[in-house]
$ cat coords.cif   # mmCIF, N, CA and C atoms
data_model
loop_
_atom_site.group_PDB
_atom_site.id
_atom_site.type_symbol
_atom_site.label_atom_id
_atom_site.label_comp_id
_atom_site.auth_asym_id
_atom_site.auth_seq_id
_atom_site.Cartn_x
_atom_site.Cartn_y
_atom_site.Cartn_z
ATOM 1 N N MET A 72 -110.988 49.889 -79.564
ATOM 2 C CA MET A 72 -111.651 48.760 -80.162
ATOM 3 C C MET A 72 -111.347 47.519 -79.333
ATOM 4 N N MET A 73 -112.348 46.699 -79.176
ATOM 5 C CA MET A 73 -112.185 45.446 -78.457
ATOM 6 C C MET A 73 -112.538 44.296 -79.391
ATOM 7 N N ILE A 74 -111.673 43.287 -79.461
ATOM 8 C CA ILE A 74 -111.919 42.126 -80.301
ATOM 9 C C ILE A 74 -112.106 40.912 -79.408
ATOM 10 N N THR A 75 -113.203 40.204 -79.610
ATOM 11 C CA THR A 75 -113.438 38.947 -78.908
ATOM 12 C C THR A 75 -113.594 37.850 -79.956
ATOM 13 N N MET A 76 -113.514 36.629 -79.505
ATOM 14 C CA MET A 76 -113.585 35.499 -80.408
ATOM 15 C C MET A 76 -114.522 34.449 -79.818
ATOM 16 N N THR A 77 -115.390 33.896 -80.649
ATOM 17 C CA THR A 77 -116.247 32.820 -80.169
ATOM 18 C C THR A 77 -115.400 31.564 -79.994
ATOM 19 N N LYS A 78 -115.932 30.623 -79.262
ATOM 20 C CA LYS A 78 -115.247 29.349 -79.037
ATOM 21 C C LYS A 78 -114.970 28.658 -80.374
ATOM 22 N N GLU A 79 -115.934 28.715 -81.291
ATOM 23 C CA GLU A 79 -115.790 28.067 -82.592
ATOM 24 C C GLU A 79 -114.638 28.687 -83.398
ATOM 25 N N ALA A 80 -114.557 30.023 -83.392
ATOM 26 C CA ALA A 80 -113.490 30.708 -84.118
ATOM 27 C C ALA A 80 -112.134 30.402 -83.499
ATOM 28 N N LYS A 81 -112.055 30.429 -82.193
ATOM 29 C CA LYS A 81 -110.795 30.143 -81.499
ATOM 30 C C LYS A 81 -110.312 28.740 -81.831
ATOM 31 N N ASN A 82 -111.208 27.761 -81.760
ATOM 32 C CA ASN A 82 -110.832 26.378 -82.049
ATOM 33 C C ASN A 82 -110.360 26.216 -83.492
ATOM 34 N N GLN A 83 -111.064 26.847 -84.423
ATOM 35 C CA GLN A 83 -110.694 26.740 -85.833
ATOM 36 C C GLN A 83 -109.337 27.405 -86.095
ATOM 37 N N LEU A 84 -109.112 28.573 -85.516
ATOM 38 C CA LEU A 84 -107.829 29.259 -85.689
ATOM 39 C C LEU A 84 -106.670 28.436 -85.136
ATOM 40 N N GLN A 85 -106.888 27.817 -84.000
ATOM 41 C CA GLN A 85 -105.826 27.015 -83.387
ATOM 42 C C GLN A 85 -105.505 25.786 -84.232
ATOM 43 N N SER A 86 -106.461 25.307 -85.019
ATOM 44 C CA SER A 86 -106.228 24.107 -85.820
ATOM 45 C C SER A 86 -105.590 24.416 -87.176
ATOM 46 N N LEU A 87 -105.523 25.699 -87.561
ATOM 47 C CA LEU A 87 -104.962 26.077 -88.857
ATOM 48 C C LEU A 87 -103.441 26.149 -88.817
ATOM 49 N N THR A 88 -102.832 25.808 -89.935
ATOM 50 C CA THR A 88 -101.406 26.036 -90.120
ATOM 51 C C THR A 88 -101.290 27.123 -91.172
ATOM 52 N N LEU A 89 -100.870 28.305 -90.760
ATOM 53 C CA LEU A 89 -100.791 29.443 -91.675
ATOM 54 C C LEU A 89 -99.436 29.494 -92.364
ATOM 55 N N ALA A 90 -99.449 29.952 -93.596
ATOM 56 C CA ALA A 90 -98.207 30.159 -94.331
ATOM 57 C C ALA A 90 -97.378 31.225 -93.613
ATOM 58 N N GLU A 91 -96.086 31.176 -93.818
ATOM 59 C CA GLU A 91 -95.180 32.125 -93.174
ATOM 60 C C GLU A 91 -95.590 33.565 -93.470
ATOM 61 N N HIS A 92 -95.531 34.407 -92.472
ATOM 62 C CA HIS A 92 -95.821 35.840 -92.551
ATOM 63 C C HIS A 92 -97.309 36.154 -92.724
ATOM 64 N N LEU A 93 -98.183 35.188 -92.606
ATOM 65 C CA LEU A 93 -99.615 35.471 -92.676
ATOM 66 C C LEU A 93 -100.198 35.481 -91.273
ATOM 67 N N LEU A 94 -101.027 36.480 -91.014
ATOM 68 C CA LEU A 94 -101.728 36.586 -89.740
ATOM 69 C C LEU A 94 -103.193 36.874 -90.024
ATOM 70 N N PRO A 95 -104.065 36.549 -89.063
ATOM 71 C CA PRO A 95 -105.470 36.932 -89.221
ATOM 72 C C PRO A 95 -105.588 38.453 -89.278
ATOM 73 N N ARG A 96 -106.555 38.937 -90.038
ATOM 74 C CA ARG A 96 -106.785 40.373 -90.193
ATOM 75 C C ARG A 96 -108.284 40.645 -90.230
ATOM 76 N N ILE A 97 -108.694 41.726 -89.574
ATOM 77 C CA ILE A 97 -110.027 42.288 -89.759
ATOM 78 C C ILE A 97 -109.842 43.429 -90.737
ATOM 79 N N ASP A 98 -110.567 43.378 -91.854
ATOM 80 C CA ASP A 98 -110.348 44.315 -92.945
ATOM 81 C C ASP A 98 -111.681 44.925 -93.380
ATOM 82 N N ALA A 99 -111.697 46.238 -93.508
ATOM 83 C CA ALA A 99 -112.905 46.936 -93.969
ATOM 84 C C ALA A 99 -112.977 46.865 -95.488
ATOM 85 N N HIS A 100 -114.116 46.452 -95.994
ATOM 86 C CA HIS A 100 -114.375 46.463 -97.429
ATOM 87 C C HIS A 100 -115.435 47.535 -97.644
ATOM 88 N N VAL A 101 -115.020 48.649 -98.232
ATOM 89 C CA VAL A 101 -115.894 49.805 -98.395
ATOM 90 C C VAL A 101 -116.408 49.832 -99.833
ATOM 91 N N ALA A 102 -117.722 49.996 -99.986
ATOM 92 C CA ALA A 102 -118.334 50.067 -101.307
ATOM 93 C C ALA A 102 -119.453 51.101 -101.270
ATOM 94 N N GLY A 103 -119.832 51.547 -102.424
ATOM 95 C CA GLY A 103 -120.965 52.464 -102.483
ATOM 96 C C GLY A 103 -120.820 53.468 -103.595
ATOM 97 N N GLY A 104 -121.935 53.996 -103.953
ATOM 98 C CA GLY A 104 -121.994 55.051 -104.942
ATOM 99 C C GLY A 104 -122.660 56.233 -104.282
ATOM 100 N N CYS A 105 -123.969 56.155 -104.199
ATOM 101 C CA CYS A 105 -124.730 57.216 -103.532
ATOM 102 C C CYS A 105 -124.697 57.076 -102.017
ATOM 103 N N GLY A 106 -124.412 55.875 -101.553
ATOM 104 C CA GLY A 106 -124.335 55.625 -100.119
ATOM 105 C C GLY A 106 -123.054 54.881 -99.814
ATOM 106 N N LEU A 107 -122.758 54.724 -98.556
ATOM 107 C CA LEU A 107 -121.537 54.051 -98.145
ATOM 108 C C LEU A 107 -121.906 52.766 -97.423
ATOM 109 N N ALA A 108 -121.320 51.661 -97.856
ATOM 110 C CA ALA A 108 -121.518 50.374 -97.193
ATOM 111 C C ALA A 108 -120.159 49.855 -96.756
ATOM 112 N N VAL A 109 -120.058 49.472 -95.514
ATOM 113 C CA VAL A 109 -118.805 48.936 -94.993
ATOM 114 C C VAL A 109 -119.072 47.538 -94.456
ATOM 115 N N ASN A 110 -118.380 46.562 -95.029
ATOM 116 C CA ASN A 110 -118.435 45.187 -94.544
ATOM 117 C C ASN A 110 -117.073 44.867 -93.959
ATOM 118 N N PHE A 111 -117.069 44.120 -92.881
ATOM 119 C CA PHE A 111 -115.818 43.745 -92.247
ATOM 120 C C PHE A 111 -115.542 42.281 -92.526
ATOM 121 N N LEU A 112 -114.358 42.024 -93.076
ATOM 122 C CA LEU A 112 -113.948 40.684 -93.452
ATOM 123 C C LEU A 112 -112.911 40.172 -92.471
ATOM 124 N N PHE A 113 -112.870 38.871 -92.297
ATOM 125 C CA PHE A 113 -111.824 38.231 -91.504
ATOM 126 C C PHE A 113 -111.014 37.409 -92.484
ATOM 127 N N ILE A 114 -109.795 37.867 -92.759
ATOM 128 C CA ILE A 114 -108.954 37.243 -93.778
ATOM 129 C C ILE A 114 -107.581 36.935 -93.188
ATOM 130 N N PHE A 115 -106.742 36.296 -93.984
ATOM 131 C CA PHE A 115 -105.365 36.021 -93.594
ATOM 132 C C PHE A 115 -104.473 36.752 -94.581
ATOM 133 N N ASP A 116 -103.571 37.590 -94.050
ATOM 134 C CA ASP A 116 -102.836 38.519 -94.892
ATOM 135 C C ASP A 116 -101.469 38.810 -94.273
ATOM 136 N N GLN A 117 -100.586 39.367 -95.094
ATOM 137 C CA GLN A 117 -99.277 39.805 -94.616
ATOM 138 C C GLN A 117 -99.425 41.149 -93.899
ATOM 139 N N PRO A 118 -98.485 41.463 -93.020
ATOM 140 C CA PRO A 118 -98.535 42.751 -92.320
ATOM 141 C C PRO A 118 -98.496 43.926 -93.300
ATOM 142 N N ARG A 119 -99.168 45.004 -92.925
ATOM 143 C CA ARG A 119 -99.145 46.254 -93.677
ATOM 144 C C ARG A 119 -98.436 47.301 -92.828
ATOM 145 N N LYS A 120 -97.984 48.361 -93.473
ATOM 146 C CA LYS A 120 -97.133 49.361 -92.826
ATOM 147 C C LYS A 120 -97.740 49.950 -91.543
ATOM 148 N N LEU A 121 -98.991 50.307 -91.545
ATOM 149 C CA LEU A 121 -99.599 50.985 -90.390
ATOM 150 C C LEU A 121 -100.522 50.076 -89.576
ATOM 151 N N ASP A 122 -100.260 48.775 -89.595
ATOM 152 C CA ASP A 122 -101.075 47.835 -88.827
ATOM 153 C C ASP A 122 -100.894 48.017 -87.328
ATOM 154 N N THR A 123 -101.956 47.713 -86.616
ATOM 155 C CA THR A 123 -101.911 47.573 -85.172
ATOM 156 C C THR A 123 -102.282 46.130 -84.871
ATOM 157 N N LEU A 124 -101.580 45.512 -83.935
ATOM 158 C CA LEU A 124 -101.918 44.155 -83.528
ATOM 159 C C LEU A 124 -102.797 44.204 -82.294
ATOM 160 N N TYR A 125 -103.893 43.493 -82.360
ATOM 161 C CA TYR A 125 -104.778 43.301 -81.214
ATOM 162 C C TYR A 125 -104.690 41.830 -80.840
ATOM 163 N N TYR A 126 -104.918 41.533 -79.581
ATOM 164 C CA TYR A 126 -104.820 40.150 -79.129
ATOM 165 C C TYR A 126 -106.145 39.712 -78.535
ATOM 166 N N SER A 127 -106.575 38.530 -78.942
ATOM 167 C CA SER A 127 -107.778 37.925 -78.392
ATOM 168 C C SER A 127 -107.460 36.460 -78.129
ATOM 169 N N HIS A 128 -107.628 36.034 -76.912
ATOM 170 C CA HIS A 128 -107.326 34.662 -76.509
ATOM 171 C C HIS A 128 -105.891 34.280 -76.880
ATOM 172 N N GLY A 129 -104.957 35.238 -76.764
ATOM 173 C CA GLY A 129 -103.560 34.984 -77.047
ATOM 174 C C GLY A 129 -103.206 34.952 -78.524
ATOM 175 N N MET A 130 -104.155 35.268 -79.392
ATOM 176 C CA MET A 130 -103.899 35.252 -80.833
ATOM 177 C C MET A 130 -103.837 36.671 -81.368
ATOM 178 N N ALA A 131 -102.819 36.944 -82.194
ATOM 179 C CA ALA A 131 -102.648 38.265 -82.783
ATOM 180 C C ALA A 131 -103.583 38.429 -83.973
ATOM 181 N N ILE A 132 -104.236 39.589 -84.039
ATOM 182 C CA ILE A 132 -105.116 39.925 -85.159
ATOM 183 C C ILE A 132 -104.707 41.306 -85.650
ATOM 184 N N GLN A 133 -104.415 41.415 -86.944
ATOM 185 C CA GLN A 133 -103.998 42.671 -87.551
ATOM 186 C C GLN A 133 -105.216 43.522 -87.901
ATOM 187 N N VAL A 134 -105.056 44.825 -87.733
ATOM 188 C CA VAL A 134 -106.073 45.785 -88.178
ATOM 189 C C VAL A 134 -105.318 46.980 -88.743
ATOM 190 N N ASP A 135 -105.635 47.336 -89.989
ATOM 191 C CA ASP A 135 -104.935 48.474 -90.592
ATOM 192 C C ASP A 135 -105.572 49.795 -90.154
ATOM 193 N N TYR A 136 -104.897 50.878 -90.475
ATOM 194 C CA TYR A 136 -105.311 52.201 -90.025
ATOM 195 C C TYR A 136 -106.720 52.565 -90.507
ATOM 196 N N VAL A 137 -107.023 52.316 -91.769
ATOM 197 C CA VAL A 137 -108.339 52.670 -92.321
ATOM 198 C C VAL A 137 -109.451 51.894 -91.618
ATOM 199 N N THR A 138 -109.238 50.594 -91.441
ATOM 200 C CA THR A 138 -110.239 49.762 -90.759
ATOM 201 C C THR A 138 -110.444 50.235 -89.326
ATOM 202 N N GLN A 139 -109.363 50.623 -88.648
ATOM 203 C CA GLN A 139 -109.477 51.122 -87.276
ATOM 204 C C GLN A 139 -110.394 52.342 -87.207
ATOM 205 N N GLN A 140 -110.332 53.186 -88.231
ATOM 206 C CA GLN A 140 -111.164 54.388 -88.235
ATOM 207 C C GLN A 140 -112.650 54.031 -88.272
ATOM 208 N N TYR A 141 -113.004 52.987 -89.013
ATOM 209 C CA TYR A 141 -114.401 52.551 -89.081
ATOM 210 C C TYR A 141 -114.835 51.820 -87.816
ATOM 211 N N LEU A 142 -113.885 51.236 -87.115
ATOM 212 C CA LEU A 142 -114.212 50.460 -85.916
ATOM 213 C C LEU A 142 -113.932 51.208 -84.622
ATOM 214 N N TYR A 143 -113.623 52.493 -84.724
ATOM 215 C CA TYR A 143 -113.297 53.289 -83.548
ATOM 216 C C TYR A 143 -114.400 53.174 -82.500
ATOM 217 N N ASN A 144 -114.003 52.860 -81.291
ATOM 218 C CA ASN A 144 -114.911 52.829 -80.145
ATOM 219 C C ASN A 144 -116.048 51.821 -80.301
ATOM 220 N N THR A 145 -115.766 50.690 -80.921
ATOM 221 C CA THR A 145 -116.766 49.636 -81.062
ATOM 222 C C THR A 145 -116.116 48.296 -80.745
ATOM 223 N N SER A 146 -116.910 47.263 -80.674
ATOM 224 C CA SER A 146 -116.369 45.929 -80.435
ATOM 225 C C SER A 146 -116.627 45.047 -81.653
ATOM 226 N N VAL A 147 -115.743 44.081 -81.834
ATOM 227 C CA VAL A 147 -115.835 43.136 -82.944
ATOM 228 C C VAL A 147 -115.778 41.734 -82.361
ATOM 229 N N THR A 148 -116.651 40.864 -82.830
ATOM 230 C CA THR A 148 -116.614 39.460 -82.459
ATOM 231 C C THR A 148 -116.283 38.654 -83.699
ATOM 232 N N VAL A 149 -115.260 37.827 -83.600
ATOM 233 C CA VAL A 149 -114.909 36.924 -84.695
ATOM 234 C C VAL A 149 -115.619 35.608 -84.444
ATOM 235 N N ASP A 150 -116.352 35.139 -85.452
ATOM 236 C CA ASP A 150 -117.123 33.902 -85.343
ATOM 237 C C ASP A 150 -116.718 32.973 -86.477
ATOM 238 N N TYR A 151 -117.098 31.711 -86.359
ATOM 239 C CA TYR A 151 -116.808 30.728 -87.395
ATOM 240 C C TYR A 151 -117.927 29.711 -87.439
ATOM 241 N N ASN A 152 -118.324 29.340 -88.668
ATOM 242 C CA ASN A 152 -119.175 28.166 -88.849
ATOM 243 C C ASN A 152 -118.786 27.501 -90.160
ATOM 244 N N GLU A 153 -119.120 26.231 -90.298
ATOM 245 C CA GLU A 153 -118.705 25.440 -91.466
ATOM 246 C C GLU A 153 -119.222 26.025 -92.780
ATOM 247 N N GLU A 154 -120.423 26.535 -92.777
ATOM 248 C CA GLU A 154 -121.040 27.022 -94.009
ATOM 249 C C GLU A 154 -120.419 28.327 -94.508
ATOM 250 N N ASP A 155 -120.205 29.283 -93.604
ATOM 251 C CA ASP A 155 -119.745 30.610 -93.990
ATOM 252 C C ASP A 155 -118.267 30.859 -93.741
ATOM 253 N N GLY A 156 -117.618 30.035 -92.934
ATOM 254 C CA GLY A 156 -116.227 30.267 -92.566
ATOM 255 C C GLY A 156 -116.138 31.322 -91.473
ATOM 256 N N PHE A 157 -115.062 32.107 -91.496
ATOM 257 C CA PHE A 157 -114.860 33.156 -90.496
ATOM 258 C C PHE A 157 -115.637 34.405 -90.882
ATOM 259 N N CYS A 158 -116.082 35.135 -89.880
ATOM 260 C CA CYS A 158 -116.700 36.436 -90.134
ATOM 261 C C CYS A 158 -116.436 37.353 -88.942
ATOM 262 N N ALA A 159 -116.463 38.638 -89.222
ATOM 263 C CA ALA A 159 -116.271 39.661 -88.198
ATOM 264 C C ALA A 159 -117.612 40.352 -87.984
ATOM 265 N N ILE A 160 -118.125 40.274 -86.781
ATOM 266 C CA ILE A 160 -119.432 40.828 -86.446
ATOM 267 C C ILE A 160 -119.225 42.065 -85.575
ATOM 268 N N THR A 161 -119.816 43.177 -85.993
ATOM 269 C CA THR A 161 -119.725 44.406 -85.201
ATOM 270 C C THR A 161 -121.092 44.731 -84.647
ATOM 271 N N GLU A 162 -121.137 45.757 -83.796
ATOM 272 C CA GLU A 162 -122.437 46.192 -83.276
ATOM 273 C C GLU A 162 -123.295 46.781 -84.384
ATOM 274 N N PHE A 163 -122.679 47.031 -85.551
ATOM 275 C CA PHE A 163 -123.414 47.556 -86.689
ATOM 276 C C PHE A 163 -123.938 46.459 -87.603
ATOM 277 N N THR A 164 -123.640 45.185 -87.281
ATOM 278 C CA THR A 164 -124.122 44.067 -88.086
ATOM 279 C C THR A 164 -125.606 43.906 -87.816
ATOM 280 N N PHE A 165 -126.412 43.948 -88.870
ATOM 281 C CA PHE A 165 -127.859 43.978 -88.690
ATOM 282 C C PHE A 165 -128.492 42.597 -88.558
ATOM 283 N N ASP A 166 -127.817 41.528 -88.970
ATOM 284 C CA ASP A 166 -128.459 40.224 -88.943
ATOM 285 C C ASP A 166 -128.181 39.439 -87.679
ATOM 286 N N GLY A 167 -127.802 40.084 -86.628
ATOM 287 C CA GLY A 167 -127.590 39.410 -85.367
ATOM 288 C C GLY A 167 -126.185 38.867 -85.239
ATOM 289 N N ASN A 168 -126.008 37.983 -84.281
ATOM 290 C CA ASN A 168 -124.688 37.455 -83.983
ATOM 291 C C ASN A 168 -124.426 36.117 -84.665
ATOM 292 N N SER A 169 -124.379 36.136 -85.995
ATOM 293 C CA SER A 169 -124.049 34.927 -86.730
ATOM 294 C C SER A 169 -123.302 35.311 -87.994
ATOM 295 N N CYS A 170 -122.662 34.335 -88.601
ATOM 296 C CA CYS A 170 -121.888 34.577 -89.814
ATOM 297 C C CYS A 170 -122.779 34.813 -91.024
ATOM 298 N N SER A 171 -123.998 34.289 -91.030
ATOM 299 C CA SER A 171 -124.807 34.398 -92.256
ATOM 300 C C SER A 171 -125.321 35.780 -92.487
#
$ encode --input "coords.cif" --output "C-alpha cells"
Amino acid sequence: MMITMTKEAKNQLQSLTLAEHLLPRIDAHVAGGCGLAVNFLFIFDQPRKLDTLYYSHGMAIQVDYVTQQYLYNTSVTVDYNEEDGFCAITEFTFDGNSCS
C-alpha cells in the first residue's frame, strides 16, 4: 500500500496539535447487508495492537490489520478541504479525487 498526501492535507496536519498518544489513522468502515460497502475514514486514534505505521511526507499514519486487507496493493491519497475535513481517497473511490 502506498499513502500520499495532498498539499492541503499536509499543511492542515502540520498545523494541528494532537492530544498525547493520538496519531492519524486510515480506518475501514465496513457496512452492508446483502452487499458489502467499505468506506475509508481518516481519523485520529490511539495505536492498536496490530497497527502498521506508514509514512507520508515524514508523518506517521496508522493502519490496522483489517484495513490493510481492504487496501492491499492499492494507493490511498489523504486530502483535506474546509467543508469536508480530511478524507482518504482510494482508486475505488467513485466520485473522483475530492473529499465530497
$ closest_residue --input "coords.cif" --among "A:Leu89, A:Leu94, A:Ile74, A:Leu84" --to "Gln133 in chain A" --atoms "only N, CA and C atoms"
A:Leu94
$ atom_distance --input "coords.cif" --atom1 "CA of Thr88 in chain A" --atom2 "CA of Tyr141 in chain A"
29.5 Å
$ residues_around --input "coords.cif" --residues "Asp150 in chain A" --least-positions-apart "6" --cutoff "6 Å" --atoms "only N, CA and C atoms" --output "PyMOL selection string"
chain A and resi 76-77+79-80+156-160
$ residues_around --input "coords.cif" --residues "range 120-127 of chain A" --least-positions-apart "3" --cutoff "9 Å" --atoms "only C-alpha atoms" --output "list of chain:residue names"
A:Met72, A:Met73, A:Ile74, A:Thr75, A:Met76, A:Lys81, A:Met130, A:Ala131, A:Ile132, A:Gln133, A:Val134, A:Asp135, A:Tyr136, A:Gln139
$ resolve_selection --input "coords.cif" --expression "the PyMOL selection byres (((chain A and resi 92 and name CA) around 8) and name CA)" --output "list of chain:residue names"
A:Ala90, A:Glu91, A:Leu93, A:Leu94, A:Asp116, A:Gln117, A:Pro118
$ atom_distance --input "coords.cif" --atom1 "atom C of His128 in chain A" --atom2 "atom C of Ser146 in chain A"
15.9 Å
$ select_by_dssp --input "coords.cif" --residues "range 83-129 of chain A" --states "alpha helix (DSSP H)" --output "PyMOL selection string"
chain A and resi 83-86
$ residues_around --input "coords.cif" --residues "His100 in chain A" --least-positions-apart "5" --cutoff "6.5 Å" --atoms "only N, CA and C atoms" --output "JSON, numbers by chain"
{"A": [108, 109, 110, 111, 112]}
$ atom_distance --input "coords.cif" --atom1 "CA of Gln85 in chain A" --atom2 "atom N of Tyr151 in chain A"
12.6 Å
$ resolve_selection --input "coords.cif" --expression "the PyMOL selection byres ((chain A and resi 96) around 5)" --output "number ranges by chain"
A: 94-95, 97-98, 113-115, 133
$ select_by_dssp --input "coords.cif" --residues "chain A" --states "strand (DSSP E or B)" --output "ChimeraX atom specification"
/A:73-76,94-102,108-116,123-127,130-134,146-152,156-161
